[in-house]
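A.B. asks: Got a structure here, written out as structure tokens. Questions coming.
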Amino acid sequence: MSNNSTNGSTSLKNRLETQAPESTTPERVTATEVTHQDVAVTDRQERIAGFDQSVIDDASILVVGAGGIGGEIAEGLVRKGVGELTICDEDIVDASNLNRQKFHVDDIDANKATSLVQNLADHGTTGTTMVGIPQHFQDAIATGTEFDPDLVICAPDNDAARVAVADQFHGSVPVVFTGLDSEANGGYVFVQSTEAPCFRCYRPGANAGGACPAAPAVVDPTKVVSGIALYAADTVLMDRYREWDAFEFYLSGVLPTTAVEVPQRADCPDCGG
Ligand SMILES: [Zn+2]
């Protein structure tokens with residue numbers, strides 16, 4: 001099992017706090033904290049079986065990808081009250097993103113990660129601390145950024161990034177993977193725990209696949225896959241109940257929606273042998 005994690009080294013939070021201010025330091029943004037109501041802003045979710053608000057309050061989550069899925073999940077995490085959120089993406093907002101992603105016309109030509117944390121601030125409930133890293137995940141790792149999250153949400157638009165995230169964190173930090181099919185009709189969520197099976201066991205064909213810039217994309221499956229991923233994140237962090245590793249859906253019903261346990265592959269380069 002490969003394990004290239006930087007867990008145990010100086011966390012991103014500590015690094016940012018000790019760095020002298022400079023233009024390359026990602027800006028930290030604090031989301032809204034709701035304190036003036038006569039009922040706790042988290043009251044309804046705390047009634048969910050197995051839900052533990054103190055875990056969310058203390059959690060640090062890395063979201064890889066600030067596009068449709070990453071943005072939708074990040075908004076959910078901020079509303080639930082996650083303590084720290086780091087979002088990593090080098091992409092730039094363009095007009096074709098606005099039908100489904102958490103951006104406005106004024107964000108066009110700006111970086112997605114830094115724009116997203118700004119746009120999420122008003123969705124806050126418990127004062128989440130947010131940082132946008134304007135780099136692709138692989139570049140951030142290559143240039144020495146150290147991530148030390150409790151959970152990773154992997155929501156890029158290409159398999160090369162998914163495999164890089166899988167290899168970086170397998171064995172040390174759980175990862176919730178997301179993906180949509182090329183027709184924007186179906187999608188999946190896969191939970192990689194710190195043990196087998198890994199993402200490579202689930203998608204053995206995934207390797208260096210690149211993004212599809214002009215592929216069909218609409219908000220419908222984005223909302224579906226993001227909701228399932230948000231649920232999966234809770235099941236990893238606390239005692240919400242889940243029986244599956246992989247959840248797959250097809251909006252049209254042409255194939256059945258499935259929720260299954262994924263077998264470990266004997267030929268997996270990570271888990272096999
Ligand atoms: Zn594996």
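How things are named: the first chain in the structure tokens is A, the next is B, and so on; residues count from 1 in each chain; ligands count from 1 in the order shown.
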Based on DSSP run over this structure's backbone, return all residues of region 97-225 of chain A in alpha helix (DSSP H), as number ranges by chain.

C.D. replies: A: 112-120, 137-142, 159-169, 199-202, 219-225

A.B. asks: Set the cut-off to 10 Å, count only C-alpha atoms and all ligand atoms, and list whatever residues fall near ligand 1 as number ranges by chain.

C.D. replies: A: 1, 166-167, 170, 192, 195-204, 262-272

A.B. asks: Using CA of Phe190 (chain A) and CA of Phe177 (chain A) as the two end points, give the distance in Å to one decimal.

C.D. replies: 5.0 Å

A.B. asks: Pick from A:Asp57, A:Asp94, A:Glu33, A:Asp43: nearest to His123 (chain A), with only C-alpha atoms counted?

C.D. replies: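 The answer is A:Glu33, which sits nearest to His123 (chain A).
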
A.B. asks: Between CA of Tyr250 (chain A) and CA of Thr194 (chain A), what is the distance, to one decimal in Å?

C.D. replies: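 Separation between CA of Tyr250 (chain A) and CA of Thr194 (chain A): 28.2 Å.
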
A.B. asks: Do you have the CA of Asp220 (chain A)-CA of Gly187 (chain A) distance handy?

C.D. replies: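 Interatomic distance, CA of Asp220 (chain A) to CA of Gly187 (chain A): 10.9 Å.
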
A.B. asks: Near region 74-77 of chain A, counting only C-alpha atoms, which residues have an atom at most 8 Å away, once you skip same-chain residues fewer than 2 positions from it, shown as number ranges by chain?

C.D. replies: A: 63, 70-72, 79-82, 85, 120, 123, 230

A.B. asks: Taking 4 positions as the minimum chain separation for residues in the same chain, which residues sit within 9 Å of Arg242 (chain A) when counting only C-alpha atoms? Answer as a PyMOL selection string.

C.D. replies: chain A and resi 231-232+235-236

A.B. asks: With a distance cut-off of 8 Å and only C-alpha atoms, select the neighbouring residues of region 128-141 of chain A, excluding the residue or stretch itself and same-chain residues fewer than 2 positions from it, and output the selection as a ChimeraX atom specification.

C.D. replies: /A:26-33,64,78,81-91,111-117,124-126,143-146,161,164-165

A.B. asks: May I have the residues from that selection written out with N, CA and C atoms, as a JSON list (two decimals), in the first residue's frame?

C.D. replies:
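Just written: again.json:
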```
[["chain", "number", "residue", "atom", "x", "y", "z"],
["A", 26, "PRO", "N", -2.60, 32.38, 0.66],
["A", 26, "PRO", "CA", -4.05, 32.35, 0.42],
["A", 26, "PRO", "C", -4.79, 33.10, 1.52],
["A", 27, "GLU", "N", -5.77, 33.85, 1.11],
["A", 27, "GLU", "CA", -6.55, 34.63, 2.08],
["A", 27, "GLU", "C", -7.49, 33.71, 2.86],
["A", 28, "ARG", "N", -7.56, 33.92, 4.16],
["A", 28, "ARG", "CA", -8.50, 33.16, 4.97],
["A", 28, "ARG", "C", -9.80, 33.95, 5.06],
["A", 29, "VAL", "N", -10.90, 33.26, 4.87],
["A", 29, "VAL", "CA", -12.22, 33.88, 4.90],
["A", 29, "VAL", "C", -13.04, 33.21, 5.99],
["A", 30, "THR", "N", -13.69, 34.00, 6.82],
["A", 30, "THR", "CA", -14.53, 33.46, 7.89],
["A", 30, "THR", "C", -15.99, 33.59, 7.49],
["A", 31, "ALA", "N", -16.69, 32.47, 7.46],
["A", 31, "ALA", "CA", -18.11, 32.48, 7.09],
["A", 31, "ALA", "C", -18.95, 33.02, 8.24],
["A", 32, "THR", "N", -20.17, 33.37, 7.89],
["A", 32, "THR", "CA", -21.12, 33.90, 8.88],
["A", 32, "THR", "C", -21.32, 32.93, 10.04],
["A", 33, "GLU", "N", -21.43, 33.49, 11.25],
["A", 33, "GLU", "CA", -21.79, 32.69, 12.42],
["A", 33, "GLU", "C", -23.13, 33.22, 12.93],
["A", 64, "VAL", "N", -11.20, 19.00, -3.09],
["A", 64, "VAL", "CA", -10.39, 19.10, -4.31],
["A", 64, "VAL", "C", -11.34, 19.30, -5.49],
["A", 78, "VAL", "N", -20.40, 24.05, 4.75],
["A", 78, "VAL", "CA", -20.42, 25.34, 5.46],
["A", 78, "VAL", "C", -21.74, 25.51, 6.21],
["A", 81, "GLY", "N", -21.75, 23.50, 9.29],
["A", 81, "GLY", "CA", -20.93, 24.09, 10.33],
["A", 81, "GLY", "C", -19.55, 23.50, 10.48],
["A", 82, "VAL", "N", -18.96, 23.01, 9.39],
["A", 82, "VAL", "CA", -17.61, 22.44, 9.48],
["A", 82, "VAL", "C", -16.64, 23.51, 9.99],
["A", 83, "GLY", "N", -15.68, 23.07, 10.78],
["A", 83, "GLY", "CA", -14.76, 24.02, 11.40],
["A", 83, "GLY", "C", -13.84, 24.69, 10.41],
["A", 84, "GLU", "N", -13.17, 23.90, 9.58],
["A", 84, "GLU", "CA", -12.22, 24.44, 8.62],
["A", 84, "GLU", "C", -12.44, 23.79, 7.26],
["A", 85, "LEU", "N", -12.41, 24.62, 6.23],
["A", 85, "LEU", "CA", -12.62, 24.13, 4.87],
["A", 85, "LEU", "C", -11.51, 24.70, 3.98],
["A", 86, "THR", "N", -10.79, 23.79, 3.31],
["A", 86, "THR", "CA", -9.78, 24.20, 2.34],
["A", 86, "THR", "C", -10.24, 23.72, 0.97],
["A", 87, "ILE", "N", -10.22, 24.63, -0.02],
["A", 87, "ILE", "CA", -10.69, 24.30, -1.36],
["A", 87, "ILE", "C", -9.55, 24.56, -2.34],
["A", 88, "CYS", "N", -9.30, 23.58, -3.19],
["A", 88, "CYS", "CA", -8.12, 23.59, -4.06],
["A", 88, "CYS", "C", -8.56, 23.48, -5.52],
["A", 89, "ASP", "N", -8.22, 24.46, -6.34],
["A", 89, "ASP", "CA", -8.57, 24.40, -7.77],
["A", 89, "ASP", "C", -7.83, 25.52, -8.51],
["A", 90, "GLU", "N", -7.25, 25.19, -9.64],
["A", 90, "GLU", "CA", -6.54, 26.19, -10.44],
["A", 90, "GLU", "C", -7.41, 26.80, -11.54],
["A", 91, "ASP", "N", -8.58, 26.19, -11.78],
["A", 91, "ASP", "CA", -9.41, 26.62, -12.91],
["A", 91, "ASP", "C", -9.93, 28.05, -12.73],
["A", 111, "ASN", "N", -10.16, 33.12, -10.29],
["A", 111, "ASN", "CA", -9.89, 31.75, -9.88],
["A", 111, "ASN", "C", -11.11, 31.16, -9.15],
["A", 112, "LYS", "N", -11.37, 29.88, -9.41],
["A", 112, "LYS", "CA", -12.55, 29.26, -8.82],
["A", 112, "LYS", "C", -12.43, 29.05, -7.31],
["A", 113, "ALA", "N", -11.26, 28.61, -6.84],
["A", 113, "ALA", "CA", -11.13, 28.29, -5.41],
["A", 113, "ALA", "C", -11.28, 29.54, -4.55],
["A", 114, "THR", "N", -10.61, 30.60, -4.93],
["A", 114, "THR", "CA", -10.67, 31.81, -4.11],
["A", 114, "THR", "C", -12.03, 32.51, -4.25],
["A", 115, "SER", "N", -12.63, 32.43, -5.44],
["A", 115, "SER", "CA", -13.97, 33.01, -5.61],
["A", 115, "SER", "C", -15.00, 32.23, -4.80],
["A", 116, "LEU", "N", -14.84, 30.90, -4.78],
["A", 116, "LEU", "CA", -15.83, 30.07, -4.08],
["A", 116, "LEU", "C", -15.85, 30.37, -2.58],
["A", 117, "VAL", "N", -14.68, 30.47, -1.96],
["A", 117, "VAL", "CA", -14.71, 30.74, -0.52],
["A", 117, "VAL", "C", -15.35, 32.11, -0.23],
["A", 124, "GLY", "N", -22.64, 30.71, 5.66],
["A", 124, "GLY", "CA", -22.14, 30.15, 6.91],
["A", 124, "GLY", "C", -23.18, 30.16, 8.01],
["A", 125, "THR", "N", -23.01, 29.26, 8.97],
["A", 125, "THR", "CA", -23.89, 29.19, 10.14],
["A", 125, "THR", "C", -23.08, 29.22, 11.44],
["A", 126, "THR", "N", -21.85, 28.71, 11.40],
["A", 126, "THR", "CA", -21.08, 28.57, 12.64],
["A", 126, "THR", "C", -19.68, 29.19, 12.51],
["A", 143, "THR", "N", 4.48, 21.60, -5.04],
["A", 143, "THR", "CA", 5.14, 22.83, -4.59],
["A", 143, "THR", "C", 5.18, 22.95, -3.07],
["A", 144, "GLY", "N", 4.86, 21.86, -2.39],
["A", 144, "GLY", "CA", 5.11, 21.81, -0.95],
["A", 144, "GLY", "C", 3.96, 22.15, -0.04],
["A", 145, "THR", "N", 2.76, 22.36, -0.60],
["A", 145, "THR", "CA", 1.61, 22.60, 0.28],
["A", 145, "THR", "C", 1.33, 21.33, 1.07],
["A", 146, "GLU", "N", 1.17, 21.48, 2.37],
["A", 146, "GLU", "CA", 0.94, 20.33, 3.25],
["A", 146, "GLU", "C", -0.50, 20.35, 3.71],
["A", 161, "ALA", "N", -6.58, 13.58, -11.45],
["A", 161, "ALA", "CA", -6.63, 14.18, -10.11],
["A", 161, "ALA", "C", -7.20, 13.20, -9.10],
["A", 164, "ALA", "N", -4.50, 10.79, -8.15],
["A", 164, "ALA", "CA", -3.50, 11.46, -7.31],
["A", 164, "ALA", "C", -3.99, 11.61, -5.88],
["A", 165, "VAL", "N", -5.26, 11.98, -5.73],
["A", 165, "VAL", "CA", -5.84, 12.12, -4.39],
["A", 165, "VAL", "C", -5.91, 10.75, -3.70]]
```

A.B. asks: Residues near Val152 (chain A), anyone? I mean within 7 Å using only C-alpha atoms, not counting same-chain ones fewer than 2 positions away, as a PyMOL selection string.

C.D. replies: chain A and resi 61-63+149+154+174-176

A.B. asks: Dump N, CA and C atoms for the selected residues as an mmCIF file, in the first residue's frame?

C.D. replies:
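Saved as selection.cif:
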```
data_model
loop_
_atom_site.group_PDB
_atom_site.id
_atom_site.type_symbol
_atom_site.label_atom_id
_atom_site.label_comp_id
_atom_site.auth_asym_id
_atom_site.auth_seq_id
_atom_site.Cartn_x
_atom_site.Cartn_y
_atom_site.Cartn_z
ATOM 1 N N ILE A 61 -11.778 19.853 6.575
ATOM 2 C CA ILE A 61 -12.084 19.105 5.357
ATOM 3 C C ILE A 61 -11.437 19.796 4.160
ATOM 4 N N LEU A 62 -10.796 18.998 3.324
ATOM 5 C CA LEU A 62 -10.209 19.468 2.064
ATOM 6 C C LEU A 62 -11.139 19.082 0.923
ATOM 7 N N VAL A 63 -11.526 20.049 0.111
ATOM 8 C CA VAL A 63 -12.322 19.794 -1.089
ATOM 9 C C VAL A 63 -11.426 20.031 -2.300
ATOM 10 N N PRO A 149 -5.992 17.141 6.564
ATOM 11 C CA PRO A 149 -7.429 17.168 6.846
ATOM 12 C C PRO A 149 -7.882 15.922 7.609
ATOM 13 N N CYS A 154 -13.241 14.561 -2.951
ATOM 14 C CA CYS A 154 -12.560 14.607 -4.247
ATOM 15 C C CYS A 154 -13.598 14.874 -5.330
ATOM 16 N N PRO A 174 -9.539 9.344 5.159
ATOM 17 C CA PRO A 174 -10.627 8.891 4.288
ATOM 18 C C PRO A 174 -10.952 9.931 3.214
ATOM 19 N N VAL A 175 -11.404 9.418 2.059
ATOM 20 C CA VAL A 175 -11.741 10.284 0.924
ATOM 21 C C VAL A 175 -13.116 9.892 0.377
ATOM 22 N N VAL A 176 -13.947 10.890 0.105
ATOM 23 C CA VAL A 176 -15.211 10.678 -0.596
ATOM 24 C C VAL A 176 -15.013 11.145 -2.035
#
```

A.B. asks: Hey, what does DSSP flag as strand (DSSP E) within region 11-219 of chain A? Can you give it to me as a PyMOL selection string?

C.D. replies: chain A and resi 28-30+60-64+84-88+129-133+151-154+175-180+186-192

A.B. asks: Given the choices A:Ala155, A:Ala184, A:Ala215, A:Val163, which gets closest to Ile69 (chain A) if the distance is worked out from only C-alpha atoms?

C.D. replies: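 Counting only C-alpha atoms, the residue closest to Ile69 (chain A) is A:Ala155.
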
A.B. asks: Would you list the contacts of Arg240 (chain A) as a ChimeraX atom specification, taking every protein, DNA or RNA residue within 12 Å and counting only C-alpha atoms, but skipping same-chain residues closer than 3 positions in sequence?

C.D. replies: /A:45-53,55,230-237,243

A.B. asks: Output C-alpha atoms for every residue in that selection, as a compact mmCIF listing (two decimals), in the first residue's frame.

C.D. replies:
```txt
# COMPACT_ATOMS: atom_id res chain seq x y z
CA GLN A 45 -29.56 18.30 11.87
CA GLU A 46 -28.68 17.39 15.44
CA ARG A 47 -31.93 15.39 15.51
CA ILE A 48 -30.59 13.04 12.80
CA ALA A 49 -29.70 9.58 14.15
CA GLY A 50 -25.96 9.36 14.66
CA PHE A 51 -25.32 13.04 13.92
CA ASP A 52 -22.73 14.67 16.19
CA GLN A 53 -22.39 18.43 15.76
CA VAL A 55 -17.49 16.39 15.25
CA LEU A 230 -22.54 15.10 1.91
CA TYR A 231 -24.35 12.17 3.52
CA ALA A 232 -21.31 9.95 2.97
CA ALA A 233 -19.06 12.54 4.63
CA ASP A 234 -21.18 12.39 7.77
CA THR A 235 -21.02 8.59 7.82
CA VAL A 236 -17.22 8.74 7.69
CA LEU A 237 -16.89 11.37 10.40
CA GLU A 243 -24.05 0.04 4.16
```

A.B. asks: Which residue gives the smallest distance to Val41 (chain A) among A:Gly186, A:Gly127, A:Pro221, A:Gly179, with only C-alpha atoms counted?

C.D. replies: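 For Val41 (chain A), the nearest of the candidates is A:Gly127.
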